[in-house]
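**Q** Data: my_file-v5.cif, mmCIF, C-alpha atoms, pLDDT in the B column; chains and numbers go by the auth columns.
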data_start
#
loop_
_atom_site.group_PDB
_atom_site.id
_atom_site.type_symbol
_atom_site.label_atom_id
_atom_site.label_comp_id
_atom_site.label_asym_id
_atom_site.label_seq_id
_atom_site.Cartn_x
_atom_site.Cartn_y
_atom_site.Cartn_z
_atom_site.B_iso_or_equiv
_atom_site.auth_seq_id
_atom_site.auth_asym_id
ATOM 1 C CA ILE A 1 0.000 0.000 0.000 37.00 12 A
ATOM 2 C CA GLN A 2 2.910 2.361 0.595 44.00 13 A
ATOM 3 C CA PHE A 3 3.319 2.775 -3.155 47.00 14 A
ATOM 4 C CA TYR A 4 -0.356 3.177 -4.005 47.00 15 A
ATOM 5 C CA ASP A 5 -1.176 2.105 -7.539 53.00 16 A
ATOM 6 C CA ARG A 6 -5.010 2.118 -7.574 55.00 17 A
ATOM 7 C CA THR A 7 -5.088 -1.699 -7.392 62.00 18 A
ATOM 8 C CA SER A 8 -3.547 -2.351 -4.000 65.00 19 A
ATOM 9 C CA ILE A 9 -6.422 -1.288 -1.728 76.00 20 A
ATOM 10 C CA ILE A 10 -10.198 -1.777 -1.630 84.00 21 A
ATOM 11 C CA ASN A 11 -12.154 0.909 -3.469 87.00 22 A
ATOM 12 C CA PRO A 12 -14.678 2.167 -0.885 90.00 23 A
ATOM 13 C CA CYS A 13 -16.944 3.562 -3.601 91.00 24 A
ATOM 14 C CA LEU A 14 -17.840 0.128 -4.965 92.00 25 A
ATOM 15 C CA ASP A 15 -20.904 -1.685 -3.614 93.00 26 A
ATOM 16 C CA SER A 16 -18.915 -4.911 -3.982 94.00 27 A
ATOM 17 C CA SER A 17 -16.348 -3.581 -1.495 93.00 28 A
ATOM 18 C CA VAL A 18 -19.071 -3.026 1.083 95.00 29 A
ATOM 19 C CA ARG A 19 -20.484 -6.517 0.435 97.00 30 A
ATOM 20 C CA PHE A 20 -16.980 -7.991 0.782 96.00 31 A
ATOM 21 C CA VAL A 21 -16.437 -6.364 4.181 96.00 32 A
ATOM 22 C CA GLU A 22 -19.956 -7.361 5.313 98.00 33 A
ATOM 23 C CA LYS A 23 -19.213 -10.983 4.409 98.00 34 A
ATOM 24 C CA LEU A 24 -15.736 -10.898 5.930 97.00 35 A
ATOM 25 C CA VAL A 25 -16.918 -9.443 9.251 97.00 36 A
ATOM 26 C CA LYS A 26 -19.882 -11.816 9.435 98.00 37 A
ATOM 27 C CA GLU A 27 -17.749 -14.909 8.788 98.00 38 A
ATOM 28 C CA VAL A 28 -14.902 -13.899 11.117 97.00 39 A
ATOM 29 C CA ASN A 29 -17.483 -13.135 13.792 97.00 40 A
ATOM 30 C CA GLN A 30 -19.049 -16.583 13.276 97.00 41 A
ATOM 31 C CA MET A 31 -15.629 -18.253 13.617 98.00 42 A
ATOM 32 C CA HIS A 32 -15.083 -16.457 16.901 97.00 43 A
ATOM 33 C CA ASP A 33 -18.533 -17.523 18.123 96.00 44 A
ATOM 34 C CA GLN A 34 -17.861 -21.152 17.174 97.00 45 A
ATOM 35 C CA ALA A 35 -14.553 -21.031 19.042 98.00 46 A
ATOM 36 C CA GLY A 36 -16.280 -19.602 22.111 98.00 47 A
ATOM 37 C CA VAL A 37 -14.209 -16.424 21.927 97.00 48 A
ATOM 38 C CA PRO A 38 -16.414 -13.450 21.094 95.00 49 A
ATOM 39 C CA LEU A 39 -15.102 -10.897 18.625 97.00 50 A
ATOM 40 C CA ASP A 40 -15.296 -7.758 20.734 97.00 51 A
ATOM 41 C CA SER A 41 -12.796 -5.576 18.903 97.00 52 A
ATOM 42 C CA TYR A 42 -11.847 -5.195 15.247 96.00 53 A
ATOM 43 C CA HIS A 43 -8.796 -3.315 13.986 95.00 54 A
ATOM 44 C CA PHE A 44 -9.804 -1.393 10.891 89.00 55 A
ATOM 45 C CA GLY A 45 -6.311 -0.302 9.925 86.00 56 A
ATOM 46 C CA GLY A 46 -6.987 2.959 8.140 77.00 57 A
ATOM 47 C CA ASP A 47 -3.428 4.050 7.640 68.00 58 A
ATOM 48 C CA GLU A 48 -1.391 3.971 4.468 62.00 59 A
ATOM 49 C CA ALA A 49 -4.408 4.467 2.195 63.00 60 A
ATOM 50 C CA LYS A 50 -2.680 7.367 0.589 63.00 61 A
ATOM 51 C CA ASN A 51 -0.238 8.005 -2.166 63.00 62 A
ATOM 52 C CA ILE A 52 3.066 8.674 -0.423 63.00 63 A
ATOM 53 C CA LEU A 53 4.422 10.053 -3.698 67.00 64 A
ATOM 54 C CA LEU A 54 2.429 13.209 -2.865 68.00 65 A
ATOM 55 C CA GLY A 55 4.663 13.748 0.163 68.00 66 A
ATOM 56 C CA ALA A 56 8.020 15.394 0.538 70.00 67 A
ATOM 57 C CA GLY A 57 11.017 13.751 -1.065 74.00 68 A
ATOM 58 C CA TYR A 58 9.378 12.368 -4.202 75.00 69 A
ATOM 59 C CA SER A 59 9.849 15.250 -6.627 79.00 70 A
ATOM 60 C CA SER A 60 11.707 13.034 -9.090 83.00 71 A
ATOM 61 C CA TYR A 61 8.639 10.836 -9.678 81.00 72 A
ATOM 62 C CA PRO A 62 6.413 11.648 -12.672 79.00 73 A
ATOM 63 C CA ASP A 63 3.313 13.745 -11.955 78.00 74 A
ATOM 64 C CA GLU A 64 0.967 11.104 -13.397 75.00 75 A
ATOM 65 C CA LEU A 65 1.896 8.872 -10.441 74.00 76 A
ATOM 66 C CA LYS A 66 1.037 11.624 -7.954 69.00 77 A
ATOM 67 C CA GLN A 67 -2.722 11.419 -7.592 70.00 78 A
ATOM 68 C CA GLN A 68 -5.083 11.176 -4.667 72.00 79 A
ATOM 69 C CA PRO A 69 -6.381 7.644 -4.049 74.00 80 A
ATOM 70 C CA PHE A 70 -9.541 7.006 -6.042 80.00 81 A
ATOM 71 C CA SER A 71 -9.419 10.395 -7.781 79.00 82 A
ATOM 72 C CA LYS A 72 -9.813 8.603 -11.104 80.00 83 A
ATOM 73 C CA SER A 73 -12.305 6.010 -9.862 85.00 84 A
ATOM 74 C CA LEU A 74 -15.456 6.190 -11.961 90.00 85 A
ATOM 75 C CA ALA A 75 -17.414 4.744 -9.026 91.00 86 A
ATOM 76 C CA CYS A 76 -16.218 7.540 -6.721 90.00 87 A
ATOM 77 C CA GLN A 77 -16.904 10.184 -9.342 90.00 88 A
ATOM 78 C CA ALA A 78 -20.448 8.844 -9.766 93.00 89 A
ATOM 79 C CA LYS A 79 -20.997 8.672 -5.992 92.00 90 A
ATOM 80 C CA VAL A 80 -20.583 12.454 -5.760 89.00 91 A
ATOM 81 C CA PHE A 81 -23.725 12.875 -7.891 90.00 92 A
ATOM 82 C CA VAL A 82 -25.759 10.237 -6.036 90.00 93 A
ATOM 83 C CA ASP A 83 -24.835 11.223 -2.477 87.00 94 A
ATOM 84 C CA SER A 84 -24.463 14.955 -1.843 84.00 95 A
ATOM 85 C CA SER A 85 -22.753 14.291 1.512 83.00 96 A
ATOM 86 C CA PHE A 86 -19.974 12.263 -0.128 87.00 97 A
ATOM 87 C CA ASP A 87 -16.685 14.178 -0.170 88.00 98 A
ATOM 88 C CA PRO A 88 -13.970 12.651 -2.371 84.00 99 A
ATOM 89 C CA GLU A 89 -11.347 14.430 -0.250 83.00 100 A
ATOM 90 C CA LYS A 90 -12.519 12.447 2.798 87.00 101 A
ATOM 91 C CA ILE A 91 -12.767 8.944 1.370 86.00 102 A
ATOM 92 C CA ALA A 92 -10.806 7.454 4.288 86.00 103 A
ATOM 93 C CA ASN A 93 -13.335 8.930 6.738 89.00 104 A
ATOM 94 C CA TYR A 94 -16.257 7.704 4.637 91.00 105 A
ATOM 95 C CA TRP A 95 -14.794 4.184 4.575 91.00 106 A
ATOM 96 C CA ALA A 96 -14.059 4.148 8.321 93.00 107 A
ATOM 97 C CA ILE A 97 -17.648 5.150 9.111 95.00 108 A
ATOM 98 C CA THR A 98 -18.996 2.567 6.633 95.00 109 A
ATOM 99 C CA VAL A 99 -16.930 -0.268 8.114 96.00 110 A
ATOM 100 C CA ASN A 100 -17.850 0.847 11.624 97.00 111 A
ATOM 101 C CA ARG A 101 -21.542 0.615 10.733 97.00 112 A
ATOM 102 C CA ILE A 102 -20.951 -2.974 9.558 98.00 113 A
ATOM 103 C CA LEU A 103 -19.157 -3.806 12.813 98.00 114 A
ATOM 104 C CA ALA A 104 -22.000 -2.332 14.896 98.00 115 A
ATOM 105 C CA GLU A 105 -24.576 -4.288 12.867 98.00 116 A
ATOM 106 C CA ASN A 106 -22.645 -7.462 13.687 97.00 117 A
ATOM 107 C CA GLY A 107 -22.515 -6.753 17.419 97.00 118 A
ATOM 108 C CA ILE A 108 -18.825 -5.877 17.548 97.00 119 A
ATOM 109 C CA GLY A 109 -18.451 -3.248 20.235 97.00 120 A
ATOM 110 C CA GLU A 110 -15.119 -1.674 19.404 97.00 121 A
ATOM 111 C CA MET A 111 -13.315 -0.512 16.308 97.00 122 A
ATOM 112 C CA VAL A 112 -9.625 0.309 16.534 96.00 123 A
ATOM 113 C CA ALA A 113 -7.803 2.219 13.796 94.00 124 A
ATOM 114 C CA TRP A 114 -4.637 4.107 13.090 90.00 125 A
ATOM 115 C CA GLU A 115 -5.223 7.829 13.436 87.00 126 A
ATOM 116 C CA ASP A 116 -4.826 8.483 9.686 81.00 127 A
ATOM 117 C CA GLY A 117 -8.145 6.854 8.860 82.00 128 A
ATOM 118 C CA LEU A 118 -10.115 8.643 11.567 90.00 129 A
ATOM 119 C CA ARG A 119 -8.562 12.094 11.446 87.00 130 A
ATOM 120 C CA GLY A 120 -11.311 14.537 10.516 89.00 131 A
ATOM 121 C CA THR A 121 -14.097 12.648 12.294 93.00 132 A
ATOM 122 C CA THR A 122 -15.427 12.525 15.843 95.00 133 A
ATOM 123 C CA LYS A 123 -16.551 9.609 17.999 96.00 134 A
ATOM 124 C CA ASP A 124 -20.227 10.561 17.673 96.00 135 A
ATOM 125 C CA GLN A 125 -20.112 9.687 13.954 96.00 136 A
ATOM 126 C CA TYR A 126 -19.575 5.995 14.781 97.00 137 A
ATOM 127 C CA GLY A 127 -22.028 3.327 15.859 97.00 138 A
ATOM 128 C CA THR A 128 -19.835 1.040 17.956 97.00 139 A
ATOM 129 C CA GLN A 129 -19.643 1.561 21.692 97.00 140 A
ATOM 130 C CA SER A 130 -15.931 2.333 21.516 96.00 141 A
ATOM 131 C CA VAL A 131 -13.626 3.688 18.844 97.00 142 A
ATOM 132 C CA ALA A 132 -9.961 3.564 19.797 96.00 143 A
ATOM 133 C CA VAL A 133 -7.203 5.324 17.917 94.00 144 A
ATOM 134 C CA ASN A 134 -3.649 4.064 17.616 91.00 145 A
ATOM 135 C CA PHE A 135 -1.900 7.398 18.059 88.00 146 A
ATOM 136 C CA TRP A 136 1.501 7.285 16.361 83.00 147 A
ATOM 137 C CA GLU A 137 2.655 10.888 16.003 83.00 148 A
ATOM 138 C CA THR A 138 6.129 11.587 17.315 82.00 149 A
ATOM 139 C CA LEU A 139 5.794 13.295 20.689 80.00 150 A
ATOM 140 C CA TYR A 140 9.263 14.785 20.453 78.00 151 A
ATOM 141 C CA TRP A 141 8.231 16.778 17.353 79.00 152 A
ATOM 142 C CA GLY A 142 4.983 18.191 18.713 78.00 153 A
ATOM 143 C CA GLY A 143 2.659 15.204 18.523 80.00 154 A
ATOM 144 C CA ILE A 144 1.138 16.116 21.865 83.00 155 A
ATOM 145 C CA ASP A 145 -1.141 18.607 20.074 85.00 156 A
ATOM 146 C CA GLY A 146 -2.481 15.812 17.857 84.00 157 A
ATOM 147 C CA LEU A 147 -3.035 13.678 20.945 86.00 158 A
ATOM 148 C CA ALA A 148 -5.081 16.449 22.565 88.00 159 A
ATOM 149 C CA ASN A 149 -7.180 16.828 19.376 89.00 160 A
ATOM 150 C CA ILE A 150 -7.964 13.100 19.256 91.00 161 A
ATOM 151 C CA ALA A 151 -8.978 13.125 22.919 91.00 162 A
ATOM 152 C CA ASP A 152 -11.188 16.179 22.306 92.00 163 A
ATOM 153 C CA ASP A 153 -12.865 14.285 19.439 93.00 164 A
ATOM 154 C CA GLY A 154 -13.998 11.647 21.949 93.00 165 A
ATOM 155 C CA PHE A 155 -11.844 8.703 20.898 95.00 166 A
ATOM 156 C CA ASP A 156 -10.182 6.214 23.210 95.00 167 A
ATOM 157 C CA ILE A 157 -6.429 6.361 22.693 93.00 168 A
ATOM 158 C CA ILE A 158 -3.783 3.673 22.335 91.00 169 A
ATOM 159 C CA MET A 159 -0.357 5.253 22.530 87.00 170 A
ATOM 160 C CA SER A 160 1.780 3.871 19.682 84.00 171 A
ATOM 161 C CA ASN A 161 4.348 6.612 19.340 78.00 172 A
ATOM 162 C CA PRO A 162 7.395 5.689 17.278 78.00 173 A
ATOM 163 C CA ASP A 163 9.740 7.631 19.526 76.00 174 A
ATOM 164 C CA TYR A 164 8.822 5.600 22.626 72.00 175 A
ATOM 165 C CA LEU A 165 6.314 2.807 22.027 68.00 176 A
ATOM 166 C CA TYR A 166 6.404 1.620 18.423 62.00 177 A
ATOM 167 C CA PHE A 167 8.196 -1.673 17.899 64.00 178 A
ATOM 168 C CA ASP A 168 8.410 -2.345 14.174 58.00 179 A
#
What does this structure look like when you write it as structure tokens?
**A**
Amino acid sequence: IQFYDRTSIINPCLDSSVRFVEKLVKEVNQMHDQAGVPLDSYHFGGDEAKNILLGAGYSSYPDELKQQPFSKSLACQAKVFVDSSFDPEKIANYWAITVNRILAENGIGEMVAWEDGLRGTTKDQYGTQSVAVNFWETLYWGGIDGLANIADDGFDIIMSNPDYLYFD
């Protein structure tokens, strides 16, 4: 996903993507039930769904490779006309809220995600009882402000800072 190429991640604008996640969550939940271990928490991920070539240090790459994820998706372009609340600049937020709805419908009480996918939303936009954020900004370089913003938005926080707590 780091080198986004329009084929490496699920397109959230496709109905088939929603059906896929519905089926996946339902079946994983059933496996947990059969094992006698309820699925209480689901990690959404939510990070890396971006084109890193848009960031600093990639000026030598051709401009045609530097596009926002799904900016050329016909399904996303069509969704703008069907749903006036759909914002192509906030596709990650749209997808996080969509997946969260699926989790809530399947009785899963908590969604966890990396902060990238939830930035720009607040806890009250989600249907699960808990939404926890893996906070990974570097505290040494001012990440404490981001931490305060996430707390103000109502999310539970899992400290995952690379300068102290991130073991990769």
**Q** So what does the PyMOL selection byres ((chain A and resi 118) around 12) actually pick up in this one, as a list in words?
**A**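 Applied to this file, the PyMOL selection byres ((chain A and resi 118) around 12) returns Val36, Lys37, Asn40, Gln41, Asp44, Pro49, Leu50, Asp51, Ser52, Tyr53, Asn111, Arg112, Ile113, Leu114, Ala115, Glu116, Asn117, Ile119, Gly120, Glu121, Met122, Gly138, Thr139, Gln140 and Ser141 of chain A.
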**Q** Name the residues captured by the PyMOL selection byres ((chain A and resi 107) around 8) when it is applied to the shown file; answer as an mmCIF file with C-alpha atoms, keeping the file's coordinate frame.
**A**
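Final output, out.cif:
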data_model
loop_
_atom_site.group_PDB
_atom_site.id
_atom_site.type_symbol
_atom_site.label_atom_id
_atom_site.label_comp_id
_atom_site.auth_asym_id
_atom_site.auth_seq_id
_atom_site.Cartn_x
_atom_site.Cartn_y
_atom_site.Cartn_z
ATOM 1 C CA PHE A 55 -9.804 -1.393 10.891
ATOM 2 C CA GLY A 57 -6.987 2.959 8.140
ATOM 3 C CA ALA A 103 -10.806 7.454 4.288
ATOM 4 C CA ASN A 104 -13.335 8.930 6.738
ATOM 5 C CA TYR A 105 -16.257 7.704 4.637
ATOM 6 C CA TRP A 106 -14.794 4.184 4.575
ATOM 7 C CA ILE A 108 -17.648 5.150 9.111
ATOM 8 C CA THR A 109 -18.996 2.567 6.633
ATOM 9 C CA VAL A 110 -16.930 -0.268 8.114
ATOM 10 C CA ASN A 111 -17.850 0.847 11.624
ATOM 11 C CA GLY A 128 -8.145 6.854 8.860
ATOM 12 C CA LEU A 129 -10.115 8.643 11.567
#
**Q** For a test of reading the model, state the distance in Å between CA of Ala143 in chain A and CA of Val29 in chain A, rounded to one decimal.
**A**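 Those two atoms sit 21.8 Å apart.
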**Q** Taking the file as shown, find all residues satisfying the PyMOL selection byres ((chain A and resi 165) around 8) and write them as an MDAnalysis selection string.
**A** chainID A and resid 133:135 161:164 166:167
**Q** Between CA of Gly131 in chain A and CA of Pro99 in chain A, what distance in Å does the model show, to one decimal?
**A**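 These atoms are spaced 13.3 Å apart.
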**Q** Do you have the CA of Gln79 in chain A-CA of Asp94 in chain A distance handy?
**A**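 Calculated distance between CA of Gln79 in chain A and CA of Asp94 in chain A is 19.9 Å.
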**Q** Pick out the closest residue to Lys90 in chain A from this set: A:Ile102, A:Ile155, A:Leu150, A:Val32. Count all atoms listed in the file.
**A**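 Smallest separation from Lys90 in chain A among the options: A:Ile102.
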**Q** Enclose the full set of atoms of range 80-93 of chain A listed in the file within a box whose edges lie along x, y and z, apply 4 Å of padding to each of the six sides, and report centre and edge lengths in Å to one decimal as AutoDock Vina command-line options.
**A**
--center_x -16.1 --center_y 8.8 --center_z -8.0 --size_x 27.4 --size_y 16.1 --size_z 15.9
**Q** Find the residues with any atom within 7 Å of (-21.2, 5.5, -4.9); use all atoms listed in the file and the coordinates as given in the file, and write the answer as a list in words.
**A**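 Counting all atoms listed in the file, I find these residues within 7 Å of (-21.2, 5.5, -4.9): Cys24, Leu25, Ala86, Cys87, Ala89, Lys90 and Val93 of chain A.
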